[in-house]
Structures are given as structure tokens and as C-alpha cells.
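**Student:** One structure, as C-alpha cells, below. Some questions next.
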Amino acid sequence: MSEEIKFEVEQRRYIKPSIATPPHLQIFKLSLLDQLFPNIHGNITFFFPHTLPHFSTKSQLLQTSLSHTLTRFYPLAGNLHSATTLHCNDVGALFIQSHTNTSLSDILKAPNFHTLQCLLPSTDNQTSTNAAMLLLVRFTSFRCGGTAVTISLSHKIADIAAVIALLKTWTAACAGETPTRDPELAAGAALFPPRELPAPAVTASINTASSENFTSRRFVFEASKVKALKKRIGEGCAFEPSRVEVVLALIWKCALSASRSETAPFKRSVLFQAVNLRPRMEPAVADGALGNFVWPFAVTVEEEAQLELQVMVKRMRESMREFVESKAEKLKEDGGFGVVMESLKERGEVMKKNSVVYKCSSWCRFPLGEVDFGWGEAVWACSVNKMVSNTIALMDTRDGGVEAFVTLDHHHMLLFQQHHHLLHYALLNPSVIL
């Protein structure tokens, strides 16, 4: 009988900015887009093989460098003050040091989501932390000497580009380097000033559910399989589809197939895709700007005949173009308020209809594989979804393929993970090679 996997916390402490935030900066304005994101935490875990120095030395380096980093990203050391502001009171980020009796190779052997959840940082009754804390970090040592760094950051203040900016500054501090420029902290509120919003608008962007009702699975599309899928779909398109478009179309089609019985009538489906607004503003918003600069656009499948992969990819491309040419342009007017309220109204109408709704976010092309705190690049990174069903998260693989983390209702997942069209192109949760 195999040994039970145990995770034990060694230390909890607050990491405060190395320089106190001055009084005139202690109230930080959220943007209109920030207001619409819930104060729930997204997470990402980076896994590193055994290297020198010792775990305790690495932990001290992470804590010291994080303190210096928080001086530049001081809003992350505060907490939520009101619907439109953060209180930059230097309460700090929670840093948890822990160890486990299992090895990194065991964790990466067909990674188990329940085990991966044990690496997430969380508060407990031994701390005075409340739910308003924005940044939590957990540093875990494996039996073999490998390590994992998990970052949990509130979506209220950061999208994936902001997380990358934080990581770049933090890893530079680990190397003793000073960034050439500070992050842009006020760009969001300047472009999209906060507003008084009706309560339904604030909760319209997400529907959470009990994690007891859904299951997450990981699928890996190797580069050769993505190439073959692109070739197959591209033959019916007037443009070259992207990796994300073809993988997402296949997942969407197979998920819809799993969601209906053989005798059930076709149901309209809507896929919400997140688009990065930073390069679409004038002038463009810097990648290092703190806050949320993403907005979802809807792709619909109205009838069964539209479930052909080429048709789905074309509808994705057309919906993206329409969004960029209409709503993205209008976001530049009136601080984005008009188009935001219009979009929320449209989304509410979609939710009222008898539709099957999915949400997708893509982290492809973000340099997650380059994260290096001073002891080499990570061999793998992942995110664990504990909040929302019918979601698809995409990341790059090291060989140029795509890794998909799919969350569906239990009974739908049982059918989805066996779908022969999906498994022709994807591997179900293969082991990560060290």
C-alpha cells in the first residue's frame, strides 16, 4: 500500500513592502473593469527540480525579494477598502512555507487535481488574515529536494498580464537586478474611471458553483497533433486558424456532444472568450500595467449545422473581429461605461435563454515557461479551478503544443474525456517529464 501523501505547514508570515507606502498613496482607485471582477483568487503553481541552494536559503530569498517587489506593487500588499478602492495599508502578502513527504516525480506522474489543490496557499484560524487579502504565496519542498512556488492573487486587481509583470519584477529582485521602470499602477482608473454600479452588474461576470458538482481534467495537444488539426480545419477556411482557435473549437464541440443525450434536441451554445485590451487602446497600455484589461466577447452556435469545426473557427474569428471593430473601439469613449453596460445587458439576455454556456481564457504566448527565481526555469506550471464549471483554460506546452485544463459537470466529464474525436488529437493527463 502506497504511503499517504501529507502536506505540512512549517511557517506563516506576512511579507510587507521593504519601504512603507506613503500616506498620499494609501487609497488606490480601481478601474471600472476591476469593479466588475469578483474578489476571488486565481492561482498558478510552478514546479522546479532539485538544485542548490538549500530550501531554507531559497525561501529566504523569495521572502526578501518579494518584500522589495511589493514596494513597487504596493497595492497588492493592501486589501479591499470599498467597491471602488483598495486600502494600501502594507498589511502585506501571506507567505506560507511547507513541505510534503512525496517527491516531485510522483506529483508530476499523471497530475492529480486533488493533490495539486494541497499546494494552494490559504488562510486559516491561526492567522488574522481576512478574505480581503489580495496576494498569497506558498513555497513547498518535496522529499526529493524539488520545490513548488504557488501564487494566489485576487482577480479584482490583476489579469494574467499583470501577474506576468509581477513575476518579472520578483524574479529580477531574486537576481539582485533593479527593473528599469516601475509598473504602471494608475493606467486602469485613468482609462476606465470607477463608477457607481447596480448590484446585478457587479455579479454578472461570473457564476460560481460548488466544486462537489464538477470535475477538472487536463488534456495535452502535442505540437504535431495541433499541426494536423490546423491542417484539417484550415482546408475549409479562407485564413490560417491559430492553435488556440482549432483546439478550442474541438473542445467546445466535444463538450457540447457530452452535454446532451442521444435523444435530446440541440441547444444553442455560447462561448465567452477573453480578449486582451492592452494593445487595442490608444495609446496601447503597457504589459506591466496593474489591473484588469481583458473583456469577454461571445461566440454562438445557433443550430446543429454550425457544429462543424471549420464553421466554429470561422465564427470565432468573425466574433473577434466584430468585437475589436465595434466594442473595443467604443471602450475608448466615455471611460468605457456605455459599452460595458451594454455588454452586461447582452450577457444577461444570453443567460436568460436556454443556452449551454462555456468560458475560455488563454495563457498561450505568455512567458510562463521562463519564470526563474534563481534556481532554473520551471519544468511545469498549472492552475487549479475550484470555483466555476464549464471553463476551458489553455497554456503552452514546451514543444509548441497546447495544454488544456477543462472543467465540466461530473456526468458531462465522464463522456467528454472518452470522446473519440478529442482523444484522436489529445492525450488525457500524461505525466510531465522532468
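Following the order of the C-alpha cells, chains are lettered A, B, ..., residues in each are numbered from 1, and ligands are numbered from 1.
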Among range 219-410 of chain A, which ones does DSSP assign to strand (DSSP E) (computed from the backbone)? Answer as an NGL selection string.

**Tutor:** :A and (219-221 or 269-276 or 294-301 or 356-362 or 380-382 or 391-396 or 402-409)

**Student:** Show me, as a list in words, the residues that have an atom within 12 Å of Ser343 in chain A when counting only C-alpha atoms, minus same-chain residues fewer than 2 positions from it.

**Tutor:**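 Counting only the stated atoms, we get Leu36, Ala201, Ala204, Ser205, Phe272, Trp295, Pro296, Phe297, Ala298, Phe323, Ser326, Lys327, Ala328, Lys330, Leu331, Gly336, Phe337, Gly338, Val339, Val340, Met341, Lys345, Glu346, Arg347, Gly348, Glu349 and Val350 of chain A.
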
**Student:** A:Glu196, A:Glu325, A:Asp334, A:Asp90: which is nearest Ile27 in chain A, counting only C-alpha atoms?

**Tutor:**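 The shortest atom-to-atom distance to Ile27 in chain A comes from A:Asp90.
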
**Student:** Separation of CA of Phe142 in chain A and CA of Leu62 in chain A, in Å?

**Tutor:** 16.9 Å

**Student:** Return the single residue from A:Glu308, A:Glu10, A:Glu333, A:Glu302 that is closest to Gly236 in chain A, with distances computed using only C-alpha atoms.

**Tutor:** A:Glu308

**Student:** Using only C-alpha atoms for the distances, tell me which of A:Leu434, A:Ser362, A:Ala255, A:Arg217 is nearest to His114 in chain A.

**Tutor:**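 Checking each candidate against His114 in chain A, we get A:Arg217 as the closest.
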
**Student:** Range 3-159 of chain A: which residues are helix (DSSP H, G or I) by DSSP, as a ChimeraX atom specification?

**Tutor:** /A:23-25,32-36,55-72,74-77,104-107,113-117
